[in-house]
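Colleague: Here you go, my_file.txt (compact mmCIF, C-alpha atoms):
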```txt
# COMPACT_ATOMS: atom_id res chain seq x y z
CA MET U 207 -17.99 -0.82 21.95
CA THR U 208 -15.81 -3.60 23.28
CA GLU U 209 -13.62 -3.29 26.32
CA GLY U 210 -9.97 -2.68 25.56
CA PRO U 211 -6.93 -0.43 25.87
CA THR U 212 -7.06 3.30 26.45
CA ALA U 213 -7.25 5.42 23.30
CA GLY U 214 -3.95 6.53 21.82
CA SER U 215 -0.87 4.45 21.12
CA VAL U 216 -1.34 0.73 21.67
CA THR U 217 0.78 -2.40 21.60
CA PRO U 218 0.30 -5.53 19.48
CA ALA U 219 -0.96 -7.36 22.58
CA GLU U 220 -3.56 -4.65 23.23
CA VAL U 221 -4.80 -4.78 19.65
CA ALA U 222 -5.03 -8.57 19.87
CA GLU U 223 -7.03 -8.26 23.09
CA ARG U 224 -9.46 -5.86 21.49
CA LEU U 225 -9.75 -8.01 18.36
CA ARG U 226 -10.98 -10.97 20.39
CA GLY U 227 -13.99 -8.95 21.57
CA GLU U 228 -15.05 -7.32 18.30
CA LYS U 229 -18.66 -7.76 17.14
CA ARG U 230 -18.17 -6.65 13.51
CA ILE U 231 -15.21 -5.26 11.56
CA LEU U 232 -14.57 -3.40 8.35
CA ALA U 233 -10.94 -3.89 7.26
CA VAL U 234 -9.74 -0.98 5.11
CA SER U 235 -6.60 -0.26 3.13
CA HIS U 236 -5.51 2.51 0.81
CA GLU U 237 -6.48 3.30 -2.77
CA ALA U 238 -4.30 1.80 -5.53
CA PRO U 239 -3.36 -1.05 -3.17
CA ASP U 240 0.04 -2.71 -3.27
CA GLY U 241 1.27 -6.04 -1.95
CA ASP U 242 1.49 -4.84 1.65
CA ALA U 243 -2.04 -3.41 1.65
CA LEU U 244 -3.59 -6.49 0.06
CA GLY U 245 -1.46 -8.87 2.11
CA CYS U 246 -2.81 -7.23 5.26
CA LEU U 247 -6.42 -7.46 4.11
CA SER U 248 -6.09 -11.09 3.04
CA ALA U 249 -4.38 -12.20 6.26
CA PHE U 250 -6.75 -10.21 8.48
CA LEU U 251 -9.92 -11.44 6.74
CA LEU U 252 -8.66 -15.02 7.04
CA MET U 253 -7.88 -14.55 10.74
CA CYS U 254 -11.27 -12.97 11.46
CA GLU U 255 -12.93 -15.96 9.79
CA GLN U 256 -10.84 -18.25 11.99
CA LEU U 257 -11.92 -16.28 15.09
CA GLY U 258 -15.59 -16.22 14.07
CA ILE U 259 -15.72 -12.41 13.69
CA PRO U 260 -17.87 -11.02 10.82
CA CYS U 261 -15.47 -8.92 8.74
CA ARG U 262 -15.63 -7.21 5.35
CA GLY U 263 -12.72 -5.79 3.37
CA TYR U 264 -12.79 -2.42 1.60
CA VAL U 265 -10.42 -0.64 -0.78
CA PRO U 266 -11.48 2.80 -2.07
CA GLY U 267 -11.57 3.48 -5.78
CA GLU U 268 -12.82 1.36 -8.64
CA SER U 269 -9.64 0.57 -10.59
CA GLY U 270 -8.64 -3.06 -10.87
CA ILE U 271 -6.71 -4.87 -8.17
CA PRO U 272 -3.14 -5.48 -9.41
CA PRO U 273 -3.46 -8.91 -11.05
CA GLU U 274 -0.32 -10.31 -9.45
CA TYR U 275 -2.12 -10.25 -6.07
CA LEU U 276 -5.42 -11.82 -7.08
CA PHE U 277 -4.18 -15.23 -5.93
CA LEU U 278 -4.42 -14.05 -2.31
CA PRO U 279 -7.46 -15.47 -0.49
CA LYS U 280 -10.40 -13.06 0.04
CA VAL U 281 -8.90 -10.32 -2.16
CA ARG U 282 -11.36 -10.78 -5.02
CA GLY U 283 -14.24 -10.17 -2.62
CA VAL U 284 -13.16 -6.82 -1.14
CA LEU U 285 -15.65 -3.98 -1.53
CA ARG U 286 -14.75 -1.12 -3.87
CA GLY U 287 -16.04 2.36 -4.74
CA ARG U 288 -17.79 4.49 -2.16
CA PRO U 289 -17.44 3.65 1.55
CA PRO U 290 -19.96 0.96 2.53
CA SER U 291 -22.62 1.58 5.15
CA LEU U 292 -21.72 0.27 8.59
CA GLU U 293 -23.80 -2.00 10.75
CA PRO U 294 -24.07 -1.21 14.49
CA GLU U 295 -21.02 -2.05 16.63
CA THR U 296 -18.66 -2.10 13.66
CA THR U 297 -15.03 -1.18 14.27
CA ILE U 298 -12.84 -0.08 11.34
CA TYR U 299 -9.32 -1.46 11.15
CA PHE U 300 -7.07 0.55 8.83
CA PHE U 301 -3.98 -1.10 7.34
CA ASP U 302 -1.06 0.60 5.62
CA CYS U 303 -2.96 3.91 5.38
CA ALA U 304 -0.62 6.83 6.00
CA SER U 305 -3.58 9.23 6.04
CA LEU U 306 -7.35 9.14 6.27
CA LEU U 307 -7.60 10.67 2.80
CA ARG U 308 -5.94 7.65 1.17
CA SER U 309 -8.51 5.35 2.78
CA ASN U 310 -11.55 7.47 1.83
CA SER U 311 -12.30 7.49 5.56
CA HIS U 312 -13.92 10.89 5.34
CA GLY U 313 -16.93 8.96 4.03
CA PHE U 314 -17.42 7.08 7.32
CA PRO U 315 -19.44 8.31 10.34
CA GLU U 316 -17.62 10.59 12.77
CA ASP U 317 -18.30 8.39 15.80
CA VAL U 318 -16.88 5.15 14.40
CA VAL U 319 -13.95 3.61 16.29
CA ARG U 320 -10.79 3.50 14.15
CA ILE U 321 -7.85 1.17 14.73
CA ASN U 322 -4.85 2.52 12.79
CA ILE U 323 -2.15 -0.06 12.01
CA ASP U 324 0.69 1.20 9.82
CA HIS U 325 4.45 1.55 9.27
CA HIS U 326 4.63 4.97 7.56
CA ALA U 327 6.72 7.47 9.52
CA ASP U 328 4.42 10.34 8.51
CA ASN U 329 1.26 8.68 9.83
CA PRO U 330 -0.33 11.32 12.13
CA GLY U 331 -2.05 8.80 14.41
CA TYR U 332 -5.59 9.49 13.24
CA GLY U 333 -7.18 6.51 14.98
CA GLU U 334 -8.73 6.20 18.38
CA TYR U 335 -6.14 3.45 18.75
CA ASN U 336 -2.82 3.67 16.87
CA LEU U 337 -0.19 1.02 16.32
CA VAL U 338 2.35 2.76 14.08
CA ASP U 339 5.88 1.37 13.85
CA ALA U 340 8.07 3.15 11.29
CA ASP U 341 10.85 0.63 11.90
CA ALA U 342 8.72 -2.27 10.66
CA ALA U 343 9.63 -3.41 7.15
CA SER U 344 5.95 -3.71 6.21
CA THR U 345 2.54 -3.37 7.80
CA THR U 346 2.12 -7.14 7.49
CA VAL U 347 5.04 -7.50 9.90
CA ILE U 348 3.07 -5.51 12.50
CA LEU U 349 -0.02 -7.62 11.82
CA TYR U 350 2.06 -10.76 12.37
CA GLU U 351 3.17 -9.34 15.74
CA ILE U 352 -0.50 -8.84 16.66
CA PHE U 353 -1.34 -12.44 15.77
CA GLU U 354 1.68 -13.71 17.71
CA ALA U 355 0.84 -11.57 20.75
CA GLY U 356 -2.73 -12.91 20.74
CA GLY U 357 -1.65 -16.51 20.38
CA PHE U 358 -3.64 -16.79 17.14
CA SER U 359 -2.93 -19.65 14.78
CA VAL U 360 -0.94 -18.46 11.75
CA ASP U 361 -1.56 -21.17 9.16
CA ARG U 362 -0.04 -21.42 5.68
CA GLU U 363 -2.63 -19.17 4.00
CA VAL U 364 -2.33 -16.41 6.61
CA ALA U 365 1.46 -16.65 6.60
CA THR U 366 1.56 -16.45 2.80
CA ALA U 367 -0.49 -13.26 2.77
CA LEU U 368 1.76 -11.73 5.42
CA TYR U 369 4.86 -12.79 3.49
CA VAL U 370 3.60 -11.14 0.29
CA GLY U 371 3.44 -7.79 2.09
CA LEU U 372 6.95 -8.26 3.45
CA VAL U 373 8.63 -9.44 0.25
CA THR U 374 7.07 -6.69 -1.89
CA ASP U 375 7.64 -3.79 0.50
CA THR U 376 11.30 -4.73 0.88
CA GLY U 377 11.74 -5.08 -2.88
CA ARG U 378 12.50 -8.80 -2.57
CA PHE U 379 14.71 -8.01 0.45
CA GLN U 380 16.83 -5.45 -1.41
CA TYR U 381 15.59 -2.08 -0.07
CA SER U 382 17.06 -0.24 2.91
CA ASN U 383 14.17 -1.43 5.15
CA THR U 384 15.51 -5.00 4.88
CA THR U 385 16.61 -5.34 8.48
CA PRO U 386 17.69 -8.44 10.39
CA ASP U 387 14.18 -8.44 11.92
CA ALA U 388 12.69 -8.52 8.43
CA HIS U 389 14.68 -11.66 7.63
CA ARG U 390 13.73 -13.23 10.96
CA THR U 391 10.05 -12.59 10.27
CA ALA U 392 10.41 -14.04 6.77
CA ALA U 393 11.98 -17.17 8.27
CA ALA U 394 9.18 -17.51 10.83
CA LEU U 395 6.54 -17.20 8.11
CA GLN U 396 8.31 -19.78 5.97
CA GLU U 397 8.24 -22.13 8.95
CA CYS U 398 4.46 -21.64 8.96
CA GLY U 399 4.33 -23.16 5.49
CA VAL U 400 5.02 -20.37 3.00
CA ASP U 401 6.27 -21.71 -0.33
CA VAL U 402 8.56 -18.82 -1.25
CA ALA U 403 9.26 -20.10 -4.78
CA TRP U 404 5.52 -20.33 -5.50
CA VAL U 405 4.92 -16.82 -4.14
CA TYR U 406 7.74 -15.49 -6.31
CA ARG U 407 6.17 -17.03 -9.41
CA GLN U 408 2.74 -15.59 -8.59
CA VAL U 409 3.96 -12.07 -7.86
CA TYR U 410 6.91 -11.64 -10.21
CA GLU U 411 6.59 -14.21 -12.99
CA SER U 412 2.89 -14.05 -13.88
CA THR U 413 2.80 -10.67 -15.63
CA PRO U 414 -0.33 -10.07 -17.75
CA LEU U 415 0.26 -8.85 -21.31
CA PRO U 416 -1.57 -5.50 -20.72
CA LYS U 417 0.91 -4.66 -17.97
CA LEU U 418 3.89 -5.26 -20.27
CA LEU U 419 2.26 -3.16 -22.99
CA LEU U 420 1.68 -0.39 -20.44
CA LEU U 421 5.35 -0.56 -19.42
CA GLU U 422 6.29 -0.20 -23.10
CA ARG U 423 4.20 3.00 -23.22
CA ALA U 424 5.85 4.34 -20.06
CA LEU U 425 9.31 3.68 -21.52
CA ARG U 426 8.28 5.35 -24.76
CA HIS U 427 7.42 8.50 -22.75
CA LEU U 428 10.57 8.32 -20.61
CA GLU U 429 12.62 11.49 -20.12
CA VAL U 430 15.84 11.87 -18.15
CA ARG U 431 16.22 15.37 -16.72
CA LEU U 432 18.57 17.28 -14.41
CA GLY U 433 21.66 15.82 -16.01
CA GLY U 434 20.49 12.26 -15.46
CA ALA U 435 19.47 12.62 -11.80
CA LEU U 436 15.72 12.60 -12.48
CA ALA U 437 13.79 10.07 -14.58
CA VAL U 438 10.17 10.94 -15.39
CA SER U 439 7.46 9.33 -17.44
CA TRP U 440 3.71 9.49 -17.83
CA LEU U 441 0.71 7.44 -18.83
CA GLY U 442 -2.38 9.04 -20.31
CA ASN U 443 -5.91 7.68 -20.50
CA ASP U 444 -5.29 6.64 -24.10
CA ASP U 445 -2.37 4.47 -23.00
CA PHE U 446 -4.66 2.47 -20.73
CA VAL U 447 -7.40 2.18 -23.35
CA GLN U 448 -5.10 1.11 -26.19
CA THR U 449 -3.27 -1.50 -24.14
CA GLY U 450 -6.39 -2.90 -22.49
CA ALA U 451 -4.88 -2.10 -19.09
CA ASP U 452 -6.39 -0.52 -15.99
CA GLU U 453 -4.82 1.35 -13.11
CA GLY U 454 -4.03 -1.87 -11.30
CA HIS U 455 -1.63 -2.82 -14.09
CA ALA U 456 0.46 0.30 -13.33
CA GLU U 457 1.51 -1.06 -9.93
CA GLY U 458 5.29 -1.42 -9.79
CA LEU U 459 6.08 0.12 -13.19
CA ILE U 460 8.01 2.94 -11.56
CA ASP U 461 10.57 0.43 -10.28
CA THR U 462 11.84 0.09 -13.85
CA LEU U 463 12.50 3.86 -13.98
CA ARG U 464 14.37 3.88 -10.68
CA ARG U 465 16.81 1.24 -11.98
CA ILE U 466 18.30 3.55 -14.63
CA HIS U 467 21.99 4.14 -13.94
CA GLY U 468 22.66 7.53 -12.32
CA VAL U 469 19.01 8.27 -11.50
CA ARG U 470 18.47 9.54 -7.96
CA VAL U 471 14.73 10.27 -8.17
CA ALA U 472 12.09 8.66 -10.40
CA ALA U 473 8.55 9.86 -11.03
CA LEU U 474 5.64 8.27 -12.89
CA VAL U 475 2.52 10.38 -13.48
CA ARG U 476 -0.73 8.68 -14.45
CA GLU U 477 -3.75 10.44 -15.87
CA LYS U 478 -6.83 9.43 -13.91
CA SER U 479 -10.44 10.18 -14.88
CA GLY U 480 -13.04 10.19 -12.13
CA GLU U 481 -16.04 11.94 -10.67
CA ASN U 482 -14.01 15.11 -10.16
CA GLY U 483 -12.67 15.20 -13.71
CA VAL U 484 -9.14 14.40 -14.81
CA GLN U 485 -6.44 14.15 -12.15
CA ALA U 486 -2.73 13.37 -12.12
CA LYS U 487 -1.71 10.52 -9.85
CA VAL U 488 2.01 10.65 -9.01
CA SER U 489 4.38 7.93 -7.78
CA LEU U 490 7.81 9.00 -6.52
CA ARG U 491 10.93 6.97 -5.70
CA SER U 492 14.29 7.99 -4.26
CA THR U 493 17.08 5.61 -5.18
CA ASP U 494 19.87 6.70 -2.87
CA GLY U 495 17.97 8.45 -0.07
CA SER U 496 19.50 11.84 -0.82
CA LEU U 497 16.00 13.28 -1.25
CA ASN U 498 13.07 12.45 1.02
CA VAL U 499 10.24 12.04 -1.50
CA ALA U 500 7.65 11.89 1.31
CA GLU U 501 8.46 15.53 2.08
CA LEU U 502 7.99 16.33 -1.59
CA ALA U 503 4.62 14.55 -1.61
CA HIS U 504 3.50 16.39 1.52
CA LYS U 505 3.67 19.67 -0.36
CA ARG U 506 0.87 18.39 -2.58
CA GLY U 507 -1.23 16.72 0.08
CA GLY U 508 0.29 13.25 -0.28
CA GLY U 509 2.69 11.16 1.77
CA GLY U 510 4.54 7.89 2.11
CA HIS U 511 8.08 6.81 2.94
CA ALA U 512 11.36 8.65 2.53
CA ARG U 513 12.15 6.58 -0.56
CA ALA U 514 8.63 5.83 -1.85
CA ALA U 515 5.73 8.27 -1.82
CA GLY U 516 2.92 9.70 -3.90
CA PHE U 517 0.18 12.28 -4.32
CA THR U 518 -2.80 13.16 -6.51
CA VAL U 519 -3.57 16.63 -7.88
CA ASP U 520 -6.03 18.28 -10.28
CA GLU U 521 -3.42 19.34 -12.82
CA ASP U 522 -2.36 18.27 -16.29
CA LEU U 523 0.56 15.91 -16.79
CA ALA U 524 3.01 18.47 -18.19
CA THR U 525 2.43 20.90 -15.30
CA VAL U 526 3.00 18.19 -12.72
CA LEU U 527 6.17 16.92 -14.39
CA ASP U 528 7.61 20.43 -14.54
CA TRP U 529 6.77 20.99 -10.86
CA ILE U 530 8.55 17.76 -9.93
CA GLU U 531 11.62 18.77 -11.93
CA THR U 532 11.74 22.18 -10.20
CA GLU U 533 11.35 20.73 -6.71
CA VAL U 534 13.86 17.92 -7.23
CA GLY U 535 16.35 20.30 -8.85
CA THR U 536 16.10 22.65 -5.86
CA ALA U 537 16.41 19.84 -3.32
CA LEU U 538 19.39 18.17 -5.01
```
Translate this structure into structure tokens?

Modeller:
Amino acid sequence: MTEGPTAGSVTPAEVAERLRGEKRILAVSHEAPDGDALGCLSAFLLMCEQLGIPCRGYVPGESGIPPEYLFLPKVRGVLRGRPPSLEPETTIYFFDCASLLRSNSHGFPEDVVRINIDHHADNPGYGEYNLVDADAASTTVILYEIFEAGGFSVDREVATALYVGLVTDTGRFQYSNTTPDAHRTAAALQECGVDVAWVYRQVYESTPLPKLLLLERALRHLEVRLGGALAVSWLGNDDFVQTGADEGHAEGLIDTLRRIHGVRVAALVREKSGENGVQAKVSLRSTDGSLNVAELAHKRGGGGHARAAGFTVDEDLATVLDWIETEVGTAL
């Protein structure tokens, strides 16, 4: 184990200090990764290469990486499926993982050192070292602070990966987490060489046909309940098969549901087949903040942000949709 800060809450400077002395690293993010998760992995893997630290990336699950993020360096090479075996003196760095369950960390040895870097308010601080800042617009913002505190060189590739996490988690700087600090960080990253127009085209204007066909299926299944306050939809296994899509293509589809006029909560339920049979994977969004969807997700073992959360359960689609309607109706 390398020398470093005392276990518990740590600062960006303390994480940077520890990073300099690492022998080997496994960088982990959550299942069904989004732009923030993959932006963190890409930027961190690039930085570890720059520092000469052997580092592998891992994302649990076997569904495809959302295609709009495949342009990010190192992303295509991240490990998938079951947790990989760890070589001696390997430290695990977790990014954007609100809970150990979402990172499949229960598959790692008990004695491994965990560095937990996140911006979810409901993160319980499961690491030996925890850098959790709920005020940060994205986890990539926290990672940028670590690089800055360590005096590490943030080149164009690293900055671009960090920017992708920031622009996607703020909804193109439209969500309530778009603070003045978020804009200042975006400006600093652009000064490092980020081509914002090019990033926009890669993320938002390079949609694969299977994703559009999957969106058409989700809109076909759309229901507006509770007098227009709740929008729900679902995607079954057949929808993925018939459109040629995989789970990665479902990333971001719920944002179309949340844009419906008058909707206060949106839910998209996806049927997921795996080793444990068929499950329902739920994405939740709150449009006006009147309902904390993270609290709703907690009831089913999930988590997230007040306005964006999710959970997975072993129930059929209709049962889950009815449960969501009951809970939202009670809360509103």

Colleague: Using only C-alpha atoms, can you tell me which of U:Ala243, U:Ala365, U:Ile231, U:Leu490 comes closest to Glu255 of chain U?

Modeller: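 Using only C-alpha atoms, the shortest distance to Glu255 of chain U belongs to U:Ile231.
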
Colleague: Select all residues near (-1.3, 2.9, 17.7) (cut-off 9 Å, inclusive, file coordinates), counting all atoms listed in the file, and output them as a list in words.

Modeller: Ala213, Gly214, Ser215, Val216, Thr217, Pro218, Val221, Ile321, Asn322, Ile323, Asp324, Gly331, Gly333, Glu334, Tyr335, Asn336, Leu337, Val338 and Asp339 of chain U

Colleague: Tell me, in Å to one decimal, how far atom CA of Trp440 of chain U is from atom CA of Ala473 of chain U.

Modeller: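 Taking atom CA of Trp440 of chain U and atom CA of Ala473 of chain U, their separation equals 8.4 Å.
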
Colleague: Compile the contact shell of Ile259 of chain U as a compact mmCIF listing (two decimals) with C-alpha atoms, in the coordinates of the input: residues with an atom at most 9 Å away, counting all atoms listed in the file, same-chain residues fewer than 6 positions apart removed.

Modeller:
```
# COMPACT_ATOMS: atom_id res chain seq x y z
CA LEU U 225 -9.75 -8.01 18.36
CA ARG U 226 -10.98 -10.97 20.39
CA GLY U 227 -13.99 -8.95 21.57
CA GLU U 228 -15.05 -7.32 18.30
CA LYS U 229 -18.66 -7.76 17.14
CA ARG U 230 -18.17 -6.65 13.51
CA ILE U 231 -15.21 -5.26 11.56
CA MET U 253 -7.88 -14.55 10.74
```

Colleague: Excluding same-chain residues fewer than 5 positions from Asp520 of chain U, what lies within 10 Å of it counting only C-alpha atoms, as a list of chain:residue names?

Modeller: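 Close residues of Asp520 of chain U: U:Glu477, U:Lys478, U:Asn482, U:Gly483, U:Val484, U:Gln485, U:Ala486, U:Lys487, U:Val526.
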
Colleague: Just want the 10 Å neighbourhood of Phe379 of chain U, counted on only C-alpha atoms, with same-chain residues fewer than 5 positions away dropped. Output as a PyMOL selection string.

Modeller: chain U and resi 343+372-374+384-385+388-389+392

Colleague: Leaving out Val430 of chain U and any residue of its chain fewer than 6 positions from it, which residues lie within 12 Å of it when counting all atoms listed in the file, given as a ChimeraX atom specification?

Modeller: /U:436-439,463-464,466-473,527,531

Colleague: Between U:Leu420, U:Ala403, U:Leu415, U:Ala249, which residue has the minimum interatomic distance to Arg362 of chain U, considering all atoms listed in the file?

Modeller: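 The shortest atom-to-atom distance to Arg362 of chain U comes from U:Ala249.
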
Colleague: Point out the residue among U:Glu274, U:Asp242, U:Glu533, U:Asp452 with the least atom-to-atom distance to Ser412 of chain U, counting all atoms listed in the file.

Modeller: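 Comparing U:Glu274, U:Asp242, U:Glu533, U:Asp452 against Ser412 of chain U, the winner is U:Glu274.
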
Colleague: Which residues, written as a list of chain:residue names, have at least one atom at most 9 Å from Ala355 of chain U, with only C-alpha atoms counted and residues fewer than 3 positions away on the same chain left out?

Modeller: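 The filter keeps U:Pro218, U:Ala219, U:Glu220, U:Val221, U:Ala222, U:Glu223, U:Tyr350, U:Glu351, U:Ile352, U:Phe358.
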
Colleague: What does the distance from atom CA of Leu278 of chain U to atom CA of Gly458 of chain U come to in Å, to one decimal?

Modeller: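 Atom CA of Gly458 of chain U lies at a distance of 17.6 Å from atom CA of Leu278 of chain U.
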